[in-house]
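my_file_27.txt (compact mmCIF, C-alpha atoms)
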```
# COMPACT_ATOMS: atom_id res chain seq x y z
CA MET A 1 0.80 -7.02 -102.78
CA VAL A 2 1.52 -10.63 -101.74
CA LEU A 3 4.33 -12.38 -103.51
CA SER A 4 5.23 -16.04 -103.74
CA GLY A 5 6.95 -17.42 -100.70
CA GLY A 6 4.67 -15.50 -98.39
CA SER A 7 6.47 -12.19 -98.61
CA ARG A 8 4.54 -8.96 -98.84
CA VAL A 9 5.82 -5.74 -100.34
CA ILE A 10 5.41 -2.98 -97.76
CA ALA A 11 7.50 -0.27 -99.41
CA ARG A 12 8.32 0.29 -103.03
CA PRO A 13 11.43 2.09 -104.31
CA THR A 14 9.28 5.16 -104.88
CA ASP A 15 8.03 5.32 -101.31
CA ARG A 16 9.33 8.35 -99.50
CA ASN A 17 9.47 6.92 -96.02
CA PRO A 18 10.05 3.16 -96.02
CA VAL A 19 10.89 3.04 -92.32
CA ALA A 20 7.40 4.38 -91.64
CA GLN A 21 5.93 1.45 -93.57
CA LEU A 22 8.09 -0.92 -91.56
CA LEU A 23 6.88 0.51 -88.26
CA ARG A 24 3.26 0.44 -89.40
CA THR A 25 3.63 -3.22 -90.27
CA ALA A 26 5.04 -3.95 -86.83
CA ASN A 27 2.29 -1.88 -85.25
CA GLU A 28 -0.37 -4.00 -86.93
CA THR A 29 0.86 -7.09 -85.11
CA MET A 30 -1.15 -7.81 -82.01
CA LEU A 31 -0.52 -11.56 -81.72
CA GLY A 32 3.05 -12.74 -81.35
CA ARG A 33 4.72 -13.00 -84.74
CA SER A 34 8.16 -13.17 -86.22
CA LEU A 35 8.50 -10.53 -88.91
CA GLU A 36 11.38 -10.84 -91.32
CA PHE A 37 11.94 -7.57 -93.17
CA GLN A 38 13.92 -7.97 -96.38
CA SER A 39 15.34 -5.10 -98.36
CA SER A 40 16.17 -5.33 -102.04
CA THR A 41 19.68 -4.28 -100.97
CA GLY A 42 20.00 -7.87 -99.69
CA ALA A 43 19.89 -6.91 -96.04
CA SER A 44 17.31 -8.31 -93.66
CA VAL A 45 16.25 -7.98 -90.05
CA THR A 46 13.94 -10.35 -88.19
CA LEU A 47 11.95 -9.09 -85.23
CA ASP A 48 9.76 -10.82 -82.71
CA VAL A 49 6.77 -8.56 -82.35
CA VAL A 50 3.71 -8.80 -80.13
CA GLY A 51 1.05 -6.39 -78.99
CA ARG A 52 2.51 -3.44 -80.93
CA ARG A 53 5.85 -3.95 -79.20
CA VAL A 54 9.17 -5.16 -80.53
CA LEU A 55 10.36 -7.88 -78.18
CA ARG A 56 13.70 -8.70 -79.74
CA VAL A 57 15.86 -8.88 -82.83
CA THR A 58 16.35 -12.53 -83.73
CA ALA A 59 18.38 -12.21 -86.91
CA CYS A 60 20.20 -9.63 -88.96
CA HIS A 61 21.97 -10.08 -92.26
CA GLY A 62 23.93 -7.59 -94.30
CA LEU A 63 23.95 -4.80 -91.72
CA SER A 64 26.45 -3.82 -89.07
CA GLY A 65 25.74 -2.58 -85.58
CA ALA A 66 23.16 -5.21 -84.65
CA GLU A 67 25.18 -6.91 -81.91
CA ALA A 68 23.65 -5.16 -78.93
CA CYS A 69 20.11 -5.82 -80.09
CA LEU A 70 20.80 -9.40 -81.13
CA GLY A 71 22.27 -10.12 -77.73
CA ALA A 72 19.22 -8.95 -75.84
CA GLU A 73 16.64 -11.51 -74.78
CA VAL A 74 14.16 -8.65 -74.50
CA LEU A 75 14.79 -5.18 -75.90
CA GLU A 76 14.87 -2.42 -73.35
CA ASP A 77 15.01 1.33 -73.47
CA ASP A 78 18.79 1.29 -73.78
CA HIS A 79 18.46 -0.56 -77.09
CA LYS A 80 16.13 1.88 -78.78
CA ASP A 81 18.82 3.98 -80.45
CA ASP A 82 20.60 0.92 -81.82
CA LEU A 83 17.33 -0.55 -83.02
CA ILE A 84 16.34 2.68 -84.74
CA LYS A 85 19.68 2.87 -86.53
CA LEU A 86 19.27 -0.72 -87.61
CA LEU A 87 15.77 -0.19 -88.97
CA GLN A 88 16.81 2.99 -90.76
CA ALA A 89 19.74 1.22 -92.35
CA LEU A 90 17.48 -1.61 -93.45
CA ALA A 91 14.70 0.60 -94.80
CA ALA A 92 16.95 2.48 -97.18
CA PRO A 93 15.22 4.83 -99.58
CA HIS A 94 14.81 3.74 -103.20
CA HIS A 95 14.74 0.06 -102.34
CA GLU A 96 11.86 -2.35 -102.09
CA LEU A 97 11.08 -3.63 -98.62
CA ARG A 98 9.21 -6.87 -98.00
CA VAL A 99 7.99 -8.65 -94.91
CA ILE A 100 7.55 -12.34 -94.22
CA SER A 101 5.41 -13.19 -91.22
CA GLY A 102 5.92 -16.40 -89.28
CA PRO A 103 5.54 -17.96 -85.84
CA ILE A 104 7.32 -16.07 -83.10
CA GLY A 105 10.88 -17.29 -82.71
CA ARG A 106 11.14 -17.78 -78.99
CA GLY A 107 8.80 -17.69 -76.05
CA GLY A 108 7.49 -14.45 -74.75
CA ALA A 109 4.38 -13.86 -76.77
CA GLU A 110 2.57 -13.18 -73.55
CA VAL A 111 5.20 -10.79 -72.20
CA SER A 112 4.25 -7.13 -72.24
CA VAL A 113 7.79 -5.80 -72.38
CA GLY A 114 10.02 -4.84 -75.26
CA LEU A 115 9.97 -1.52 -77.06
CA PRO A 116 6.60 -0.04 -78.04
CA VAL A 117 6.36 0.59 -81.77
CA ALA A 118 4.71 3.89 -80.90
CA LEU A 119 7.84 4.96 -79.04
CA LEU A 120 10.03 4.16 -82.04
CA ALA A 121 7.59 6.04 -84.27
CA ASP A 122 7.69 9.04 -81.97
CA LEU A 123 11.47 9.12 -82.02
CA LEU A 124 11.46 8.92 -85.81
CA LEU A 125 8.63 11.45 -86.14
CA VAL A 126 6.62 8.81 -87.95
CA GLU A 127 2.85 8.99 -88.00
CA LEU A 128 1.63 5.43 -87.57
CA ASN A 129 -1.63 6.24 -89.29
CA GLU A 130 -0.60 6.20 -92.91
CA ILE A 131 -0.41 9.58 -94.58
CA GLU A 132 -0.47 10.05 -98.32
CA SER A 133 2.91 11.73 -98.59
CA ASP A 134 4.75 8.67 -97.26
CA SER A 135 3.61 6.43 -100.05
CA ALA A 136 3.35 8.91 -102.89
CA ASP A 137 5.14 8.03 -106.07
CA ALA A 138 8.41 9.94 -106.18
CA GLY A 139 8.04 10.22 -109.94
CA GLY A 140 5.20 12.62 -109.41
CA ALA A 141 6.84 15.65 -107.90
CA PRO A 142 4.69 17.43 -105.37
CA GLU A 143 3.19 20.74 -106.29
CA ALA A 144 5.46 23.26 -104.70
CA GLY A 145 4.32 26.74 -103.97
CA PRO A 146 3.87 28.94 -100.96
CA ASP A 147 0.26 27.91 -100.65
CA ALA A 148 0.70 24.29 -101.52
CA GLY A 149 0.47 23.14 -97.93
CA PRO A 150 2.61 20.64 -96.07
CA GLU A 151 4.52 19.30 -99.04
CA GLU A 152 7.76 17.36 -98.75
CA LEU A 153 11.19 18.76 -99.20
CA PRO A 154 13.60 16.71 -101.31
CA SER A 155 14.55 13.50 -99.58
CA THR A 156 17.30 12.06 -101.71
CA GLY A 157 19.13 12.61 -104.93
CA THR A 158 19.42 16.34 -104.36
CA SER A 159 22.00 17.88 -106.68
CA LEU A 160 23.95 20.36 -104.63
CA THR A 161 25.21 22.04 -107.79
CA GLY A 162 21.60 22.52 -108.84
CA PHE A 163 20.80 23.82 -105.37
CA ALA A 164 23.66 26.33 -105.65
CA GLN A 165 22.50 27.45 -109.07
CA ARG A 166 18.93 27.90 -107.88
CA LEU A 167 20.14 30.06 -105.01
CA GLY A 168 21.22 32.54 -107.66
CA PRO A 169 23.40 35.60 -107.19
CA ALA A 170 22.75 35.73 -103.44
CA LEU A 171 25.19 32.85 -103.19
CA ILE A 172 28.45 34.70 -103.63
CA ALA A 173 30.91 31.84 -103.03
CA TRP A 174 30.53 28.09 -102.67
CA LEU A 175 32.17 24.75 -103.16
CA ILE A 176 31.24 21.10 -103.03
CA GLN A 177 33.39 18.36 -101.57
CA GLY A 178 32.69 14.67 -102.04
CA GLY A 179 30.20 12.77 -104.14
CA THR A 180 29.85 13.01 -107.87
CA GLU A 181 29.96 16.81 -107.79
CA ASP A 182 33.26 16.98 -105.93
CA GLY A 183 35.30 20.06 -106.83
CA GLN A 184 32.44 22.21 -108.14
CA SER A 185 32.85 25.79 -106.95
CA SER A 186 32.16 29.38 -107.81
CA GLY A 187 32.98 32.81 -106.44
CA PRO A 188 36.00 34.96 -105.68
CA ASP A 189 39.16 32.85 -105.35
CA GLU A 190 39.98 34.25 -101.93
CA MET A 191 36.59 33.29 -100.49
CA VAL A 192 36.53 29.87 -102.10
CA SER A 193 40.04 29.08 -100.90
CA HIS A 194 39.00 30.09 -97.37
CA LEU A 195 36.07 27.68 -97.55
CA VAL A 196 38.36 24.95 -98.92
CA GLY A 197 40.79 25.47 -96.06
CA PHE A 198 37.99 25.33 -93.52
CA LEU A 199 36.65 22.06 -94.87
CA GLU A 200 40.12 20.56 -95.07
CA ASP A 201 40.35 21.01 -91.32
CA GLU A 202 36.76 20.57 -90.27
CA ARG A 203 34.95 18.38 -92.81
CA ASP A 204 34.35 15.49 -90.41
CA SER A 205 33.25 17.84 -87.64
CA VAL A 206 30.86 19.60 -90.00
CA LEU A 207 29.34 16.29 -91.06
CA ARG A 208 28.88 15.33 -87.41
CA GLN A 209 27.29 18.68 -86.69
CA LEU A 210 24.86 18.22 -89.59
CA ASP A 211 24.03 14.71 -88.42
CA LEU A 212 23.08 16.06 -85.02
CA MET A 213 20.64 18.44 -86.69
CA CYS A 214 18.93 15.67 -88.63
CA ASP A 215 15.81 13.84 -87.63
CA THR A 216 17.28 10.82 -89.40
CA PRO A 217 21.04 10.23 -89.63
CA GLY A 218 22.43 10.72 -93.10
CA GLU A 219 19.36 12.44 -94.51
CA PRO A 220 19.79 15.46 -96.81
CA VAL A 221 20.02 18.59 -94.74
CA CYS A 222 20.76 22.24 -95.26
CA LEU A 223 21.69 24.79 -92.60
CA LEU A 224 21.51 28.54 -92.96
CA LEU A 225 23.36 30.27 -90.16
CA GLY A 226 23.71 33.98 -89.68
CA ILE A 227 23.20 36.97 -87.47
CA THR A 228 19.72 37.65 -88.83
CA LEU A 229 19.60 35.79 -92.18
CA ILE A 230 17.73 38.84 -93.44
CA GLU A 231 20.65 41.16 -93.96
CA GLY A 232 24.43 40.91 -94.08
CA HIS A 233 26.14 37.63 -94.82
CA SER A 234 25.22 34.12 -93.77
CA ILE A 235 26.66 30.66 -94.10
CA VAL A 236 24.92 27.94 -96.04
CA CYS A 237 25.98 24.35 -95.51
CA ALA A 238 24.21 21.42 -97.15
CA ARG A 239 24.72 17.72 -97.39
CA ALA A 240 23.13 15.30 -99.81
CA GLN A 241 24.34 11.72 -99.96
CA GLU A 242 28.15 11.87 -100.02
CA ALA A 243 28.44 15.50 -101.05
CA LEU A 244 28.96 18.45 -98.75
CA MET A 245 28.42 22.04 -99.86
CA LEU A 246 29.62 25.12 -98.04
CA GLY A 247 28.92 28.64 -99.17
CA VAL A 248 28.31 32.25 -98.29
CA VAL A 249 25.07 34.06 -99.07
CA GLU A 250 24.47 37.77 -99.06
CA GLY A 251 21.27 39.51 -98.04
CA ASP A 252 17.94 37.85 -97.31
CA SER A 253 18.58 34.25 -98.18
CA THR A 254 15.72 32.60 -96.34
CA GLN A 255 13.03 32.29 -98.97
CA SER A 256 15.41 31.79 -101.88
CA ALA A 257 17.23 29.02 -100.02
CA LEU A 258 13.98 27.32 -99.12
CA ALA A 259 12.78 27.50 -102.71
CA ALA A 260 16.15 26.29 -103.98
CA TRP A 261 16.18 23.40 -101.53
CA ARG A 262 12.71 22.36 -102.63
CA GLY A 263 14.02 21.94 -106.14
CA PRO A 264 13.19 23.26 -109.59
CA ALA A 265 9.48 23.40 -108.83
CA GLY A 266 10.07 25.40 -105.67
CA MET B 1 0.80 38.71 -72.89
CA SER B 2 2.16 35.53 -71.31
CA VAL B 3 4.78 33.41 -73.04
CA PRO B 4 2.26 30.71 -74.06
CA GLU B 5 -0.04 33.41 -75.39
CA SER B 6 2.83 34.92 -77.37
CA LEU B 7 3.68 31.56 -78.89
CA GLY B 8 0.03 30.93 -79.64
CA ALA B 9 -0.17 34.25 -81.44
CA VAL B 10 2.69 33.18 -83.71
CA VAL B 11 0.94 29.92 -84.56
CA LYS B 12 -2.29 31.79 -85.23
CA ALA B 13 -0.54 34.22 -87.56
CA PHE B 14 1.36 31.44 -89.34
CA PRO B 15 -0.73 28.27 -89.68
CA GLN B 16 2.21 26.57 -91.36
CA ALA B 17 4.11 26.80 -88.10
CA ARG B 18 3.42 23.40 -86.60
CA LEU B 19 5.33 23.97 -83.39
CA VAL B 20 6.71 27.08 -81.74
CA ALA B 21 8.61 26.45 -78.53
CA PHE B 22 10.41 28.65 -76.05
CA ALA B 23 13.65 27.12 -74.78
CA ASP B 24 16.31 27.76 -72.22
CA LEU B 25 19.36 26.57 -74.13
CA SER B 26 21.62 26.68 -71.09
CA ALA B 27 19.27 24.37 -69.20
CA ARG B 28 18.71 22.30 -72.37
CA MET B 29 14.99 22.54 -71.82
CA ILE B 30 11.88 23.53 -73.73
CA LEU B 31 9.86 25.56 -71.27
CA THR B 32 6.62 25.89 -73.17
CA SER B 33 5.29 25.36 -76.67
CA ALA B 34 2.32 25.96 -78.93
CA GLY B 35 1.10 24.56 -82.20
CA PRO B 36 -0.88 21.70 -83.70
CA MET B 37 2.01 19.23 -83.88
CA ASN B 38 1.73 16.24 -81.60
CA THR B 39 4.94 16.02 -79.64
CA THR B 40 6.43 13.98 -76.87
CA GLN B 41 8.96 15.16 -74.33
CA GLU B 42 11.59 13.33 -76.36
CA HIS B 43 10.64 15.35 -79.45
CA LEU B 44 11.05 18.54 -77.48
CA ASP B 45 14.34 17.43 -75.98
CA ARG B 46 15.65 16.60 -79.42
CA LEU B 47 14.49 19.91 -80.83
CA CYS B 48 16.31 21.74 -78.05
CA HIS B 49 19.41 19.67 -78.71
CA GLN B 50 19.21 20.53 -82.41
CA ALA B 51 19.00 24.21 -81.53
CA ARG B 52 22.13 23.97 -79.41
CA THR B 53 23.88 22.09 -82.20
CA CYS B 54 23.11 24.83 -84.73
CA PHE B 55 24.84 27.38 -82.55
CA ASP B 56 27.87 25.21 -81.94
CA ASP B 57 31.20 24.56 -83.58
CA PRO B 58 32.56 24.22 -86.13
CA LEU B 59 30.06 26.26 -88.17
CA PHE B 60 29.45 28.65 -85.28
CA SER B 61 33.13 29.61 -85.21
CA LEU B 62 33.23 29.99 -88.97
CA SER B 63 30.33 32.40 -88.79
CA VAL B 64 31.78 34.34 -85.85
CA GLU B 65 35.13 34.77 -87.58
CA ALA B 66 33.60 35.78 -90.87
CA PHE B 67 30.50 37.80 -90.04
CA GLY B 68 29.82 37.91 -86.30
CA GLU B 69 27.95 35.81 -83.78
CA PRO B 70 24.98 34.07 -85.38
CA HIS B 71 21.58 34.29 -83.73
CA THR B 72 19.44 32.75 -86.42
CA ALA B 73 19.50 29.29 -87.96
CA VAL B 74 17.25 27.56 -90.45
CA VAL B 75 17.55 23.81 -90.91
CA MET B 76 15.88 22.32 -93.96
CA GLY B 77 15.42 18.57 -94.04
CA PRO B 78 13.34 16.19 -96.09
CA ALA B 79 10.13 16.72 -94.17
CA ASN B 80 10.13 20.11 -92.53
CA VAL B 81 11.87 23.39 -91.89
CA ARG B 82 13.17 24.14 -88.42
CA VAL B 83 13.90 27.70 -87.38
CA PHE B 84 16.01 28.48 -84.33
CA LEU B 85 16.37 31.95 -82.96
CA ARG B 86 18.54 33.03 -80.04
CA SER B 87 17.97 36.22 -78.11
CA GLU B 88 20.63 38.85 -78.63
CA ILE B 89 20.00 40.09 -75.09
CA GLU B 90 19.89 36.77 -73.28
CA PRO B 91 21.59 34.11 -75.44
CA ALA B 92 20.08 31.23 -73.47
CA ASP B 93 16.58 32.29 -74.52
CA ALA B 94 15.58 30.79 -77.83
CA LEU B 95 12.61 29.98 -79.97
CA CYS B 96 12.60 26.61 -81.69
CA CYS B 97 10.08 26.17 -84.48
CA ILE B 98 9.00 23.40 -86.83
CA CYS B 99 7.28 24.61 -89.98
CA ASP B 100 5.83 23.23 -93.17
CA PRO B 101 7.99 24.04 -96.20
CA GLY B 102 5.47 26.43 -97.69
CA ILE B 103 5.85 28.99 -94.93
CA ASP B 104 6.71 32.62 -95.73
CA LEU B 105 10.10 32.35 -94.08
CA PRO B 106 11.21 36.02 -94.08
CA ALA B 107 7.93 37.13 -92.53
CA PHE B 108 8.02 34.28 -90.04
CA VAL B 109 11.58 35.02 -88.94
CA ALA B 110 10.66 38.67 -88.44
CA LYS B 111 7.62 37.70 -86.40
CA ILE B 112 9.46 35.32 -84.08
CA ARG B 113 12.30 37.84 -83.69
CA ASP B 114 9.78 40.36 -82.42
CA THR B 115 8.13 37.73 -80.22
CA LEU B 116 11.42 36.61 -78.69
CA ASP B 117 12.47 40.18 -78.00
CA ARG B 118 9.22 40.82 -76.17
CA ILE B 119 9.51 37.59 -74.17
CA THR B 120 13.09 38.34 -73.18
CA ASN B 121 12.14 41.86 -72.20
CA GLY B 122 9.40 40.49 -70.02
CA GLY B 123 6.43 41.51 -71.92
```

Write the structure described by the file as structure tokens, please.
Amino acid sequence: MVLSGGSRVIARPTDRNPVAQLLRTANETMLGRSLEFQSSTGASVTLDVVGRRVLRVTACHGLSGAEACLGAEVLEDDHKDDLIKLLQALAAPHHELRVISGPIGRGGAEVSVGLPVALLADLLLVELNEIESDSADAGGAPEAGPDAGPEELPSTGTSLTGFAQRLGPALIAWLIQGGTEDGQSSGPDEMVSHLVGFLEDERDSVLRQLDLMCDTPGEPVCLLLGITLIEGHSIVCARAQEALMLGVVEGDSTQSALAAWRGPAG
Amino acid sequence: MSVPESLGAVVKAFPQARLVAFADLSARMILTSAGPMNTTQEHLDRLCHQARTCFDDPLFSLSVEAFGEPHTAVVMGPANVRVFLRSEIEPADALCCICDPGIDLPAFVAKIRDTLDRITNGG
């Protein structure tokens, strides 16, 4: 869709993976171009792109952490983590993303340096050839069943209370801290108070640990941790948006947790 | 059966396993892998790092204090399910797997437990 002012919508609020659309757009650019990506959050990032490589970041508005990239005449390998964080922050889920293409900002169109878009895609586990699941309308929930194939797990908006309820009686104690569901809990007082005490001391460390398990920082994630997960007790720890859930499950929790994480249809 | 053949057998038995990798967690290295997923060395390095993170504090200590040392972890994200399994005999040996969400997880965990035990025992 091309809008007035030369901007083109590359990701709608219903798109599941807007950063993938951003990278695909950059990957389409063979001749030197300046691509200004604008999010409906108000943030924007402008990249000089040529030959499927990102040469530099020429402008950034409404986002923090862009200094290192903005200061680089040509992006190098050391900048890739900062650039990825910047693009992920820009391509926030549930917001429209547009691109405006213009002449490349500075010289260097002929330079074959910079960061390959394919490298960024690899690091983000993005398939540069568009796949249906990335652009599917979130309003149409995927069919979820054991034989449904490579469907998506929930990406955002996961209710941790709903997740806990779907886990059923196997979840013998749990609590949620943070977010709109802060304070929700269930189970024997002694177990819940132990979980509360643990999170009082370790909440930040737990969040860091979960972040290190994610493919994308801040994404919803759930960890089951136990001796076998098939018998005995295991720990379940999940994060969705600002909320953190910690609980104890009893018995074989693997399939029930997976189904619960996939949502009501799972 | 060699390690690559063992991993290949897991992928054959569970088509929804996109990647099954054998790692040395102490060396922070994926030694070999099987499966249809296209990966780069950086993918594999990150997967190994995620495995180490699962079996690290603070949640590792919580588990140890409450129930005993954990050897199995399942990480569910927006796009896939990752299963990490450490050997009970040689804790540095681990299997790191990326699966589609529709996988029969209990059966898969049992299968890779058996596979890892055989690898660690040398056969």

Give me, as a ChimeraX atom specification, the residues of chain B touching chain A, with the criterion being at most 8 Å (counting all atoms listed in the file). /B:16,39-40,42-43,50-51,53-54,57-60,63,67-80,100-106

Which residue gives the smallest distance to Arg24 (chain A) among A:Ile84, A:Ala43, A:Ala59, A:Ala118, with all atoms listed in the file counted?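 Checking each of A:Ile84, A:Ala43, A:Ala59, A:Ala118 against Arg24 (chain A), counting all atoms listed in the file, the winner is A:Ala118.
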
Point out the residue among B:Leu47, B:Ile89, B:Ala34, B:Ala66 with the least atom-to-atom distance to Ile119 (chain B), counting all atoms listed in the file. B:Ile89

Report the distance between CA of Val117 (chain A) and CA of His49 (chain B) in Å, rounded to one decimal place. 23.3 Å

Computed interatomic separation between CA of Leu62 (chain B) and CA of His194 (chain A) (Å):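 According to the coordinates, CA of Leu62 (chain B) and CA of His194 (chain A) are separated by 10.2 Å.
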
When you count all atoms listed in the file, which of these residues is closest to Leu19 (chain B): B:Ala107, B:Ser6, B:Val64, B:Ile98? B:Ile98

Residues near Cys97 (chain B), cut-off 6 Å, only C-alpha atoms, skip fewer than 4 positions along chain, as a compact mmCIF listing (two decimals) with C-alpha atoms, in the coordinates of the input:
```txt
# COMPACT_ATOMS: atom_id res chain seq x y z
CA LEU B 19 5.33 23.97 -83.39
CA VAL B 20 6.71 27.08 -81.74
CA ARG B 82 13.17 24.14 -88.42
CA VAL B 83 13.90 27.70 -87.38
```

With distances taken over all atoms listed in the file, which of A:Gln88, A:Ser39, A:His95, A:Gly114 is nearest to Leu55 (chain A)? A:Gly114

Write out as a PyMOL selection string each polymer residue whose atoms come within 10 Å of Ala9 (chain B), counting all atoms listed in the file; drop sequence neighbours fewer than 2 positions from it. chain B and resi 1+3-7+11-14+20+34-35+111+115

CA of Ser7 (chain A) and CA of Ser101 (chain A), how far apart in Å? 7.5 Å

Glu76 (chain A) environment, 8 Å, all atoms listed in the file, sequence neighbours closer than 2 positions dropped, as a PDB file with C-alpha atoms, in the coordinates of the input:
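New file part08.pdb:
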```pdb
ATOM      1  CA  VAL A  74      14.160  -8.650 -74.500  1.00  0.00           C
ATOM      2  CA  ASP A  78      18.790   1.290 -73.780  1.00  0.00           C
ATOM      3  CA  HIS A  79      18.460  -0.560 -77.090  1.00  0.00           C
ATOM      4  CA  LYS A  80      16.130   1.880 -78.780  1.00  0.00           C
ATOM      5  CA  VAL A 113       7.790  -5.800 -72.380  1.00  0.00           C
ATOM      6  CA  GLY A 114      10.020  -4.840 -75.260  1.00  0.00           C
ATOM      7  CA  LEU A 115       9.970  -1.520 -77.060  1.00  0.00           C
TER       8      LEU A 115
END
```

List the residues sitting within 12 Å of (22.7, 31.3, -72.7) in the file's frame, using all atoms listed in the file, as a PyMOL selection string. chain B and resi 23-29+51-52+55+71+86-94+120

Take the residues just selected and output them with C-alpha atoms as a PDB file, in the frame of the given file.
```
ATOM      1  CA  ALA B  23      13.650  27.120 -74.780  1.00  0.00           C
ATOM      2  CA  ASP B  24      16.310  27.760 -72.220  1.00  0.00           C
ATOM      3  CA  LEU B  25      19.360  26.570 -74.130  1.00  0.00           C
ATOM      4  CA  SER B  26      21.620  26.680 -71.090  1.00  0.00           C
ATOM      5  CA  ALA B  27      19.270  24.370 -69.200  1.00  0.00           C
ATOM      6  CA  ARG B  28      18.710  22.300 -72.370  1.00  0.00           C
ATOM      7  CA  MET B  29      14.990  22.540 -71.820  1.00  0.00           C
ATOM      8  CA  ALA B  51      19.000  24.210 -81.530  1.00  0.00           C
ATOM      9  CA  ARG B  52      22.130  23.970 -79.410  1.00  0.00           C
ATOM     10  CA  PHE B  55      24.840  27.380 -82.550  1.00  0.00           C
ATOM     11  CA  HIS B  71      21.580  34.290 -83.730  1.00  0.00           C
ATOM     12  CA  ARG B  86      18.540  33.030 -80.040  1.00  0.00           C
ATOM     13  CA  SER B  87      17.970  36.220 -78.110  1.00  0.00           C
ATOM     14  CA  GLU B  88      20.630  38.850 -78.630  1.00  0.00           C
ATOM     15  CA  ILE B  89      20.000  40.090 -75.090  1.00  0.00           C
ATOM     16  CA  GLU B  90      19.890  36.770 -73.280  1.00  0.00           C
ATOM     17  CA  PRO B  91      21.590  34.110 -75.440  1.00  0.00           C
ATOM     18  CA  ALA B  92      20.080  31.230 -73.470  1.00  0.00           C
ATOM     19  CA  ASP B  93      16.580  32.290 -74.520  1.00  0.00           C
ATOM     20  CA  ALA B  94      15.580  30.790 -77.830  1.00  0.00           C
ATOM     21  CA  THR B 120      13.090  38.340 -73.180  1.00  0.00           C
TER      22      THR B 120
END
```

Between B:Pro36, B:Val10, B:Pro15, B:Phe22, which one has atoms that come closest to Cys96 (chain B), using all atoms listed in the file?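 Residue with the minimum atom-to-atom distance to Cys96 (chain B): B:Phe22.
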
All residues 10 Å or closer to Leu90 (chain A), all atoms listed in the file, same chain fewer than 4 positions away omitted, as a PyMOL selection string: chain A and resi 18-19+22+37-45+60-63+84-86+95+97
